[in-house]
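Beneath this line is the structure, given in structure tokens, with notes to follow.
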Amino acid sequence: LATQQFERAVAVLAAVPHLRQEAVHFGLALQHEGLLAVAQQKLADSSLLVGTSPSPSLALPPLVAQHVGEWASEGVDASRAAIGYLWLLRGPAAQRQELCIQLLLGCGKPEALLPRSGLSHIAEADYRELLRAVSSRLAGKGRASQAARLLYEAREHRQLSALLVAELSANIAAAARGTNPAAGDAAERAARLCADAAAFAREWRDSDPKEASAHGAPLFALLSIAQLLEGAEAWRAASKGLPAAGPRGATDAIAMQPLSALLVRVEALSEAGLLPASLAEVEAAQAEYRLQPPEVRRAFPQLVETCVELLHAQHVALRNARCAPMPAAAGARAGTGFAAIRAQAEALVAFGGTR
């Protein structure tokens, strides 16, 4: 210290375990005053001093990160205090953010970012960027539920919408590949995700309809598709459990009850322009399809296949009903239904074959 070799002085303190905290405090204060030559990373030999005599640099960021990492996992308050230490470091903002991300993921306390008041010393823009980065890293590690909670509590609606779109799309793709079990924890998580996404979509529309309208279209479209596919899977399971014996008319009536609700969803997708209801609408539906992000587009093969299956089931139910005695007026309505089913099925086949 007497010869102003501050880098060496801090390194000497850091080498003594019970004096490492003083080394961190001393190093941060010296850096703040511009009296410390700082290296952003240590060398392979783990020495804190980087460079040759007589003026080496001190690897202060690794020193601070190592120190706070020793106690950051003790609780949420400790993790927030650790972020405070890291945020005192001067240097590249990207490196400071990365140190915070590694700390939060390493100690398993990403919730330390909440509430906002707990990190009031961080500027709003920096806080938002850190929160989005941590959420993105969590999602990439398969911890989407934690990422979604962070974004929801921080009211980062656009980022949460993008996360939900990615997760819904991944679930649909997994189901199409047969890698998503039909029962068990995976199915429960998929159903919970769909329910949570629907609840968020309703809340977003109610709380900020302008933002939801401008940025929520992919989520709303994919949510409608996911709900239809989920309902179709339940309908298939229910149909397999129908009794083989008994009057055919009664069996058809049982099968048509959930089928009717699914056909309403198919109609809603057609009204939204996502699916064609007739050959005349195929071109417009294809144009709308091309405007969708990849996460939405990759759900369409399974969507089209499911819709054709539902239309076929409707056709069979109407045909069976037509075979039974009925008034002339009811028979005429059934004939109109056949024509509409055929028209939409042809449109879906054309749409699916030329996307």
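Residues are referred to by chain and number: the chain letter is A, B, ... according to the order shown in the structure tokens, the number counts from 1 in that chain, and ligands are numbered separately from 1 in the order shown.
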**Message:** I need the helix (DSSP H, G or I) residues of segment 137-282 of chain A per DSSP on the backbone, written as JSON, numbers by chain.
**Reply:** {"A": [137, 138, 139, 140, 144, 145, 146, 147, 148, 149, 150, 151, 152, 153, 157, 158, 159, 160, 161, 162, 163, 164, 165, 166, 167, 168, 169, 170, 171, 172, 173, 174, 175, 176, 177, 185, 186, 187, 188, 189, 190, 191, 192, 193, 194, 195, 196, 197, 198, 199, 200, 201, 202, 203, 204, 205, 206, 207, 209, 210, 211, 212, 213, 214, 215, 217, 218, 219, 220, 221, 222, 223, 224, 225, 226, 227, 228, 229, 230, 231, 232, 233, 234, 235, 236, 237, 238, 239, 240, 248, 249, 250, 251, 252, 253, 254, 255, 256, 257, 258, 259, 260, 261, 262, 263, 264, 265, 266, 267, 268, 269, 270, 271, 279, 280, 281, 282]}
Which segment 277-320 of chain A residues have any atom within 8 Å of an atom of segment 210-223 of chain A, and for each, what is the nearest pair of atoms with distance in Å to one decimal, counting only C-alpha atoms, rows sorted by chain and number, as a tab-separated table?
```
residue	atom	partner	partner_atom	distance
A:Gln292	CA	A:Pro218	CA	6.9
A:Pro293	CA	A:Pro218	CA	7.1
A:Val296	CA	A:Leu222	CA	5.8
A:Ala299	CA	A:Leu222	CA	7.8
```
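Taking atom CA of Leu104 of chain A and atom CA of Ala191 of chain A as endpoints, the distance between them is 28.7 Å.
Proximity to Ala23 of chain A was assessed for A:Ser55, A:Ala170, A:Lys240, A:His67 counting only C-alpha atoms; the smallest distance is recorded for A:His67.
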**Item:** Contacts of Leu28 of chain A within 12 Å, only C-alpha atoms, excl. fewer than 6 positions in-chain, as an NGL selection string
**Value:** :A and (6-7 or 10 or 21-22 or 34-38 or 58-61 or 63-64 or 84-91)
**Message:** So, with only C-alpha atoms as the atoms that count, which of A:Ala148, A:Glu305, A:Ala112, A:Pro62 lies closest to Arg96 of chain A?
**Reply:** A:Pro62
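The spacing separating atom CA of Ile172 of chain A from atom CA of Leu229 of chain A amounts to 8.2 Å.
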**Message:** Residues near Gly108 of chain A, anyone? I mean within 10 Å using only C-alpha atoms, not counting same-chain ones fewer than 2 positions away, as a VMD selection string.
**Reply:** chain A and resid 72 to 73 75 to 76 79 102 to 106 110 to 112
**Prompt:** Near Ile122 of chain A, counting only C-alpha atoms, which residues have an atom at most 12 Å away, once you skip same-chain residues fewer than 3 positions from it, shown as a ChimeraX atom specification?
**Reply:** /A:80,83-88,96-97,113,116-119,125-131
Store the residues picked out above, limited to C-alpha atoms, as a PDB file, in the first residue's frame.
```
ATOM      1  CA  ARG A  80     -29.983  -9.842  -3.829  1.00  0.00           C
ATOM      2  CA  ILE A  83     -26.201  -8.970  -7.123  1.00  0.00           C
ATOM      3  CA  GLY A  84     -25.529  -5.642  -5.411  1.00  0.00           C
ATOM      4  CA  TYR A  85     -21.852  -6.498  -5.101  1.00  0.00           C
ATOM      5  CA  LEU A  86     -21.593  -7.541  -8.738  1.00  0.00           C
ATOM      6  CA  TRP A  87     -23.405  -4.425  -9.881  1.00  0.00           C
ATOM      7  CA  LEU A  88     -20.727  -2.261  -8.244  1.00  0.00           C
ATOM      8  CA  ARG A  96     -21.554  -7.722 -15.373  1.00  0.00           C
ATOM      9  CA  GLN A  97     -24.903  -9.070 -16.571  1.00  0.00           C
ATOM     10  CA  LEU A 113     -34.972 -10.492  -9.070  1.00  0.00           C
ATOM     11  CA  ARG A 116     -38.424  -4.775  -8.339  1.00  0.00           C
ATOM     12  CA  SER A 117     -38.010  -2.741  -5.138  1.00  0.00           C
ATOM     13  CA  GLY A 118     -35.428  -5.237  -3.884  1.00  0.00           C
ATOM     14  CA  LEU A 119     -33.018  -4.123  -6.622  1.00  0.00           C
ATOM     15  CA  ALA A 125     -33.504  -0.412 -18.357  1.00  0.00           C
ATOM     16  CA  ASP A 126     -30.670  -2.519 -16.934  1.00  0.00           C
ATOM     17  CA  TYR A 127     -33.062  -4.355 -14.624  1.00  0.00           C
ATOM     18  CA  ARG A 128     -35.426  -5.219 -17.475  1.00  0.00           C
ATOM     19  CA  GLU A 129     -32.567  -6.434 -19.613  1.00  0.00           C
ATOM     20  CA  LEU A 130     -31.201  -8.593 -16.772  1.00  0.00           C
ATOM     21  CA  LEU A 131     -34.621 -10.074 -16.052  1.00  0.00           C
TER      22      LEU A 131
END
```
